[in-house]
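Novice: What follows is a structure written as structure tokens; I'll ask about it next.
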Amino acid sequence: MKFSKPSQLFLVSSLGLVVATFLSACQLVTIDYLYLASAGSGTGSDGQLQTFAVDSETGALRTGPAAVSSGGVNPVALAVSPNYQNVYVANAGSDSVVHFAANYNGGLTKQDAISTASSPVALAVNQAGTSLFVLSGTASATLTEYAISSSGAIGAVTAQQTLALPGYTGDPLAPTGIVSLANNKAVYVTVYDQAAYNPGGAVTSTANPGWVFGFTVGSGGALAATLGSPYKAGVKPSGLAADPTSRFVYVTDFASNQLIGYGIQSSGLLNFLINGPFRTGAEPSGVAIDPRGLYMYASNALDSSVSAYLIDLNTGTPSAAINPTGSATNATDTQPIAIAVDPALGRFVYTANYLGNSVSGFQLDPNAGTLKQSQATPYPADLHPTALAIAPHGNHSIQSVTPWNPAIQNWNKKPNLFGWAFSCRPVCMQLTGLSGGHPFPQLPLSRLLNQMERQDCHHDEEDIADPRIEARQTQPGQEMRIMNHVPHVEVEQVETIACLTHEDQRPCAQSVRQRIVACESKHNATKERHQQSIVQQRVRHSGPERQ
């Protein structure tokens, strides 16, 4: 069948338009889904959970699947399971916690719910994905631990602690925040004494107003108060965060415009960091730490801004040196009351703006920690957003950015063993899973080399500029492999990953070096055989030379 020339031109133009549309659409790669809890349309109505898709290149948000009811009134807190397949929302107005399953496209489907004895205020899921911690109360504070099934369903109560100040047991405590350590060994909650801090009213207690309660998590989820708990925490603690290596805890003090830092001892005991507390903007409401534990960000409700800090990896001391001109540099929409860093790339920061009815977005410079506003920010949202949480896109690579270990962070001064961008880097680094303690898979060398021959390794300019080493898996539960975007990675940086949780750093690092050298040697031999095979194939297919 033949086409006339006008028909051929029309066909070519149409195909070109389709291809162009397809390529344009492909540029919008969703790296995360951002979940936002909002009050809803009016008093007494159910809250709303919105889903936004995060663009991997710019961090810009676009509307995802349709919003769903939060399953109750006045949602105030969100938590996501470690496998990113379950989302939990605390509805303060209806004394309930509701469990949603996160669908492949970011949509939420209600699964089950529990009723709480009083208003839930904050939620946390442990890194093992086996426990949901619920902090509840208005004039009293209770920490309740629930079992979580493999499907994410909320089960029975496994432990419960009623919080009271020693010597002031009758004082009403208002709970504000909760965090579960990444090592699953402890959980911390913040409260303030309403009898000691009562703006506009009478003060009837001489107690310190702000406190952090600490609990170790034992066998079967048993909770036991840490030595010295509770710990003083300023006047009105609001936001609470722990670094990914479980060595430091940070609390924002809403009333004193400051950030309080603590070092975590092996027993779970907290000690104040030196040189603290540290200044924030006006009325800091929330705090978040990037996945590497290098940078920290605090949302300032009154300033409508974000303060940025560099964390000293040895002491935990936060420095505002990366934002020397003041917190107003990182302007948000009106009254940000919650903040989060995306877990997929660790390159984007978002705030939920209560009076702005929006989400503000920032691009995070992974080399400096500085922020710049993302494209088209702020993004319109439902009425009075109160909380946000982020989950990597299920169809995209899930990436866990490994925190740096200060014990060996200064060893990286020797020449690099690799020096070329090929599959050996991700494959060899997968061997670091053999060092013990780190949750990377342990795969036989033969299998790794076979996998190496099937893979290509490519880098774009953005990847090369990103000095992070990441663990990726294409779907939850599938084989994980280690990727490195630094074209000239040094062995010591690989050792840092392998020995992150090893008690004896130096022997571990030496062992990893030997494994990497062996992998490099075997890969060179494999690469040479592969190149020889290509040459032989070319000779066979080319035939005799033409005269």
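Following the order of the structure tokens, first chain is A, next is B, and so on, with residues numbered from 1 inside each chain and ligands from 1 in the order they appear.
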Could you tell me, as a list of chain:residue names, which residues of range 334-388 of chain A DSSP assigns to strand (DSSP E or B) when given the backbone?
Specialist: A:Pro336, A:Ile337, A:Ala338, A:Ile339, A:Ala340, A:Val341, A:Phe348, A:Val349, A:Tyr350, A:Thr351, A:Ala352, A:Asn353, A:Ser358, A:Val359, A:Ser360, A:Gly361, A:Phe362, A:Gln363, A:Leu364, A:Leu371, A:Lys372, A:Gln373, A:Tyr379, A:Pro380, A:Pro385, A:Thr386, A:Ala387, A:Leu388
Novice: Hey, what's within 12 Å of Pro120 in chain A if we count only C-alpha atoms and toss same-chain stuff fewer than 5 positions away? As an NGL selection string, please?
Specialist: :A and (72-78 or 88-98 or 114-115 or 133-138 or 140-144 or 174-178)
Novice: For the residues selected in the previous step, produce a file with C-alpha atoms as a PDB file, in the first residue's frame.
Specialist:
```
ATOM      1  CA  GLY A  72     -10.954  10.492  60.860  1.00  0.00           C
ATOM      2  CA  VAL A  73     -11.018  14.122  61.936  1.00  0.00           C
ATOM      3  CA  ASN A  74      -8.027  16.457  62.198  1.00  0.00           C
ATOM      4  CA  PRO A  75      -5.055  14.365  60.994  1.00  0.00           C
ATOM      5  CA  VAL A  76      -1.879  15.624  62.679  1.00  0.00           C
ATOM      6  CA  ALA A  77       0.857  13.069  61.992  1.00  0.00           C
ATOM      7  CA  LEU A  78       2.036  10.665  59.286  1.00  0.00           C
ATOM      8  CA  TYR A  88      -0.129   5.514  58.953  1.00  0.00           C
ATOM      9  CA  VAL A  89      -2.092   8.631  59.914  1.00  0.00           C
ATOM     10  CA  ALA A  90      -2.991   9.904  63.383  1.00  0.00           C
ATOM     11  CA  ASN A  91      -6.409  11.572  63.592  1.00  0.00           C
ATOM     12  CA  ALA A  92      -6.395  13.728  66.719  1.00  0.00           C
ATOM     13  CA  GLY A  93     -10.039  14.765  66.373  1.00  0.00           C
ATOM     14  CA  SER A  94     -11.385  11.217  66.347  1.00  0.00           C
ATOM     15  CA  ASP A  95      -8.823   9.418  68.560  1.00  0.00           C
ATOM     16  CA  SER A  96      -7.732   6.968  65.879  1.00  0.00           C
ATOM     17  CA  VAL A  97      -4.771   5.735  63.874  1.00  0.00           C
ATOM     18  CA  VAL A  98      -5.522   4.492  60.357  1.00  0.00           C
ATOM     19  CA  ILE A 114      -7.333   1.351  65.813  1.00  0.00           C
ATOM     20  CA  SER A 115      -8.912   3.585  68.447  1.00  0.00           C
ATOM     21  CA  PHE A 133       4.810   3.879  68.327  1.00  0.00           C
ATOM     22  CA  VAL A 134       1.911   6.208  69.097  1.00  0.00           C
ATOM     23  CA  LEU A 135       2.318   9.256  71.342  1.00  0.00           C
ATOM     24  CA  SER A 136      -1.041  10.509  72.590  1.00  0.00           C
ATOM     25  CA  GLY A 137      -2.704  12.820  75.096  1.00  0.00           C
ATOM     26  CA  THR A 138      -3.664  16.451  75.622  1.00  0.00           C
ATOM     27  CA  SER A 140      -1.401  13.745  79.874  1.00  0.00           C
ATOM     28  CA  ALA A 141       1.101  11.889  77.741  1.00  0.00           C
ATOM     29  CA  THR A 142       1.144   8.177  76.916  1.00  0.00           C
ATOM     30  CA  LEU A 143       3.503   6.201  74.698  1.00  0.00           C
ATOM     31  CA  THR A 144       1.928   3.047  73.257  1.00  0.00           C
ATOM     32  CA  ALA A 174       1.458  17.919  76.531  1.00  0.00           C
ATOM     33  CA  PRO A 175       3.166  15.477  74.108  1.00  0.00           C
ATOM     34  CA  THR A 176       4.704  16.898  70.948  1.00  0.00           C
ATOM     35  CA  GLY A 177       7.084  14.548  69.083  1.00  0.00           C
ATOM     36  CA  ILE A 178       8.552  11.073  68.752  1.00  0.00           C
TER      37      ILE A 178
END
```
Novice: Could you check which of A:Val87, A:Val349, A:Val29, A:Ala338 is closest to Thr386 in chain A, using only C-alpha atoms?
Specialist: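 Ranking A:Val87, A:Val349, A:Val29, A:Ala338 by distance to Thr386 in chain A, first place goes to A:Ala338.
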